[in-house]
Amino acid sequence: MKYIVANFKLNGDLQFIKNYAADLNLQVNKPTNMMIALPNVYLHLKKHFVKNSILIGAQNVSEYQKGAYTGEVSAKMLSDIGADFVIIGHSERRHVFGETNEQIAAKVKIALQNGLKVILCVGEQLEEKNKYRFVISEQLKTALKDVDLSNVIVAYEPVWAIGTGKVATTKDIIKVHDYIKQLVNKKFNYNVPVLYGGSVKPNNSAEILALSQVDGVLVGGASLNAEEFSKIYLSQF
Ligand code: PGA
């Protein structure tokens with residue numbers, strides 16, 4: 001079963017998320033490997049999603065354990081509130097908030113130490129398209145060094161495809177996913193699942209999910225509508 005992951009980003013409010021959970025309950029019955037990343041303050045709403053066996057997670061975590069870091073939320077805090085997983089290194093964290101590969105590596109470590117599954121995002125920017133191998137290998141080698149990979153999922157998200165409506169071609173997806181899988185296997189001796197993200201919608205998800213190199217999808221915009229997100233989930237069958 002493929003991983004179908006929603007990333008709400010900075011969207012939704014209390015009522016929206018309660019309604020969304022109710023809608024989702026009507027659309028899909030106990031989905032497997034469905035994951036939803038909510039804004040931190042709504043993680044306690046996990047109980048509304050339990051009927052469907054959905055994993056609930058956060059979109060970011062502090063690289064620090066504790067201390068004088070105003071505004072940060074630690075991995076232990078996420079775990080205490082019931083988060084199952086955390087997205088780390090999303091391109092918006094890297095490029096809007098300036099997170100470095102080293103910070104992302106620290107976040108991956110601390111999240112895993114606190115029992116959270118990690119979805120590690122990697123991907124090249126438009127101007128880096130012809131050196132994607134270099135960019136992605138730096139991202140992966142730094143973030144995955146000395147960690148137990150059994151709780152890590154990698155998401156390949158070409159930055160130019162996020163929120164733009166421009167999906168990578170299936171040829172490109174196959175090429176980059178093969179590259180990531182081979183690199184992680186060679187370097188860390190592990191077969192890591194790799195998701196695709198970037199303008200995934202109900203009208204293109206079946207084609208993407210049919211690729212054997214694709215272990216699932218990470219969905220932003222289209223995940224904000226429970227019916228659309230359910231359609232994406234169901235399109236794998
Ligand atoms: P999008 O976002 O589906 O809106 O392109 C994907 C993501 O940012 O994870």
# chains A, B, ... in the order shown; residues from 1 in each chain; ligands from 1
$ residues_around --residues "A:Gln213" --least-positions-apart "2" --cutoff "7 Å" --atoms "only C-alpha atoms" --output "PyMOL selection string"
chain A and resi 174+177-178+211+215
$ closest_atom_pairs --of "chain A" --to "ligand 1" --cutoff "10 Å" --atoms "only C-alpha atoms and all ligand atoms" --output "tab-separated table"
residue	atom	partner	partner_atom_place_in_ligand_line	distance
A:Val5	CA	ligand 1	9 (O)	8.6
A:Ala6	CA	ligand 1	9 (O)	7.6
A:Asn7	CA	ligand 1	9 (O)	5.8
A:Phe8	CA	ligand 1	9 (O)	8.6
A:Lys9	CA	ligand 1	8 (O)	7.8
A:Ala37	CA	ligand 1	9 (O)	10.0
A:Gln59	CA	ligand 1	9 (O)	9.8
A:Ile87	CA	ligand 1	9 (O)	9.2
A:His90	CA	ligand 1	8 (O)	7.0
A:Ser91	CA	ligand 1	8 (O)	7.3
A:Glu92	CA	ligand 1	8 (O)	7.5
A:Cys121	CA	ligand 1	9 (O)	8.4
A:Ala155	CA	ligand 1	9 (O)	8.6
A:Tyr156	CA	ligand 1	9 (O)	9.3
A:Glu157	CA	ligand 1	9 (O)	7.0
A:Pro158	CA	ligand 1	6 (C)	9.3
A:Val159	CA	ligand 1	8 (O)	8.3
A:Trp160	CA	ligand 1	5 (O)	8.9
A:Ala161	CA	ligand 1	5 (O)	6.0
A:Ile162	CA	ligand 1	5 (O)	3.5
A:Gly163	CA	ligand 1	5 (O)	3.5
A:Thr164	CA	ligand 1	5 (O)	6.2
A:Gly165	CA	ligand 1	5 (O)	6.8
A:Lys166	CA	ligand 1	5 (O)	8.2
A:Val167	CA	ligand 1	5 (O)	8.2
A:Tyr196	CA	ligand 1	9 (O)	8.8
A:Gly197	CA	ligand 1	6 (C)	5.2
A:Gly198	CA	ligand 1	5 (O)	3.8
A:Ser199	CA	ligand 1	5 (O)	3.5
A:Val200	CA	ligand 1	3 (O)	5.1
A:Lys201	CA	ligand 1	3 (O)	7.3
A:Val217	CA	ligand 1	9 (O)	8.7
A:Leu218	CA	ligand 1	9 (O)	5.3
A:Val219	CA	ligand 1	3 (O)	4.1
A:Gly220	CA	ligand 1	2 (O)	3.4
A:Gly221	CA	ligand 1	4 (O)	3.7
A:Ala222	CA	ligand 1	3 (O)	6.0
A:Ser223	CA	ligand 1	3 (O)	7.4
A:Leu224	CA	ligand 1	4 (O)	9.3
$ residues_around --residues "A:Asn101" --least-positions-apart "6" --cutoff "9 Å" --atoms "only C-alpha atoms" --output "PDB file with N, CA and C atoms, in the first residue's frame"
ATOM      1  N   GLY A  89      12.553  19.354   6.531  1.00  0.00           N
ATOM      2  CA  GLY A  89      13.273  19.787   5.338  1.00  0.00           C
ATOM      3  C   GLY A  89      12.391  20.106   4.149  1.00  0.00           C
ATOM      4  N   ARG A  94      13.356  25.112   3.854  1.00  0.00           N
ATOM      5  CA  ARG A  94      14.720  25.355   3.354  1.00  0.00           C
ATOM      6  C   ARG A  94      14.838  26.746   2.729  1.00  0.00           C
ATOM      7  N   GLU A 138      23.690  15.835  -1.611  1.00  0.00           N
ATOM      8  CA  GLU A 138      24.122  16.586  -0.428  1.00  0.00           C
ATOM      9  C   GLU A 138      23.025  16.554   0.641  1.00  0.00           C
ATOM     10  N   GLN A 139      21.789  16.771   0.204  1.00  0.00           N
ATOM     11  CA  GLN A 139      20.662  16.791   1.151  1.00  0.00           C
ATOM     12  C   GLN A 139      20.534  15.437   1.857  1.00  0.00           C
ATOM     13  N   LEU A 140      20.627  14.365   1.088  1.00  0.00           N
ATOM     14  CA  LEU A 140      20.430  13.033   1.671  1.00  0.00           C
ATOM     15  C   LEU A 140      21.605  12.595   2.546  1.00  0.00           C
ATOM     16  N   THR A 142      23.772  14.338   4.157  1.00  0.00           N
ATOM     17  CA  THR A 142      23.874  15.057   5.435  1.00  0.00           C
ATOM     18  C   THR A 142      22.756  14.617   6.385  1.00  0.00           C
ATOM     19  N   ALA A 143      21.546  14.547   5.878  1.00  0.00           N
ATOM     20  CA  ALA A 143      20.398  14.307   6.776  1.00  0.00           C
ATOM     21  C   ALA A 143      20.322  12.867   7.279  1.00  0.00           C
TER      22      ALA A 143
END
$ atom_distance --atom1 "atom CA of A:Val61" --atom2 "atom CA of A:Leu78"
8.0 Å
$ atom_distance --atom1 "atom CA of A:Val152" --atom2 "atom CA of A:Ala22"
29.0 Å
$ closest_residue --among "A:Lys231, A:Lys145, A:Lys47, A:Lys2" --to "A:Glu102" --atoms "only C-alpha atoms"
A:Lys145
$ residues_around --residues "A:Phe49" --least-positions-apart "3" --cutoff "10 Å" --atoms "only C-alpha atoms" --output "MDAnalysis selection string"
chainID A and resid 17:18 20:22 24:25 30 36 45:46 52:56
$ residues_around --residues "A:Tyr64" --least-positions-apart "3" --cutoff "9 Å" --atoms "only C-alpha atoms" --output "ChimeraX atom specification"
/A:61,67,69,72-75,106-107,110
$ atom_distance --atom1 "atom CA of A:Ala206" --atom2 "atom CA of A:Gln236"
5.7 Å
$ select_by_dssp --residues "stretch 155-211 of chain A" --states "strand (DSSP E)" --output "list in words"
Ala155, Tyr156, Val194, Leu195, Tyr196 and Gly197 of chain A
$ write_last_selection --atoms "N, CA, C and O atoms" --output "short mmCIF file (atom, residue, chain, number, x, y, z; two decimals), in the first residue's frame"
data_model
loop_
_atom_site.label_atom_id
_atom_site.label_comp_id
_atom_site.auth_asym_id
_atom_site.auth_seq_id
_atom_site.Cartn_x
_atom_site.Cartn_y
_atom_site.Cartn_z
N ALA A 155 10.81 12.15 0.71
CA ALA A 155 9.87 12.69 -0.28
C ALA A 155 10.66 13.53 -1.28
O ALA A 155 11.35 14.48 -0.88
N TYR A 156 10.57 13.16 -2.55
CA TYR A 156 11.21 13.95 -3.60
C TYR A 156 10.21 15.01 -4.07
O TYR A 156 9.15 14.68 -4.61
N VAL A 194 10.29 6.14 -1.18
CA VAL A 194 10.41 7.50 -1.73
C VAL A 194 9.06 7.95 -2.29
O VAL A 194 8.47 7.30 -3.15
N LEU A 195 8.60 9.08 -1.76
CA LEU A 195 7.33 9.66 -2.20
C LEU A 195 7.61 10.76 -3.23
O LEU A 195 8.66 11.37 -3.21
N TYR A 196 6.61 11.04 -4.07
CA TYR A 196 6.71 12.19 -4.97
C TYR A 196 5.78 13.29 -4.44
O TYR A 196 4.66 13.02 -3.99
N GLY A 197 6.24 14.54 -4.52
CA GLY A 197 5.38 15.67 -4.15
C GLY A 197 5.58 16.82 -5.11
O GLY A 197 6.70 17.05 -5.61
#
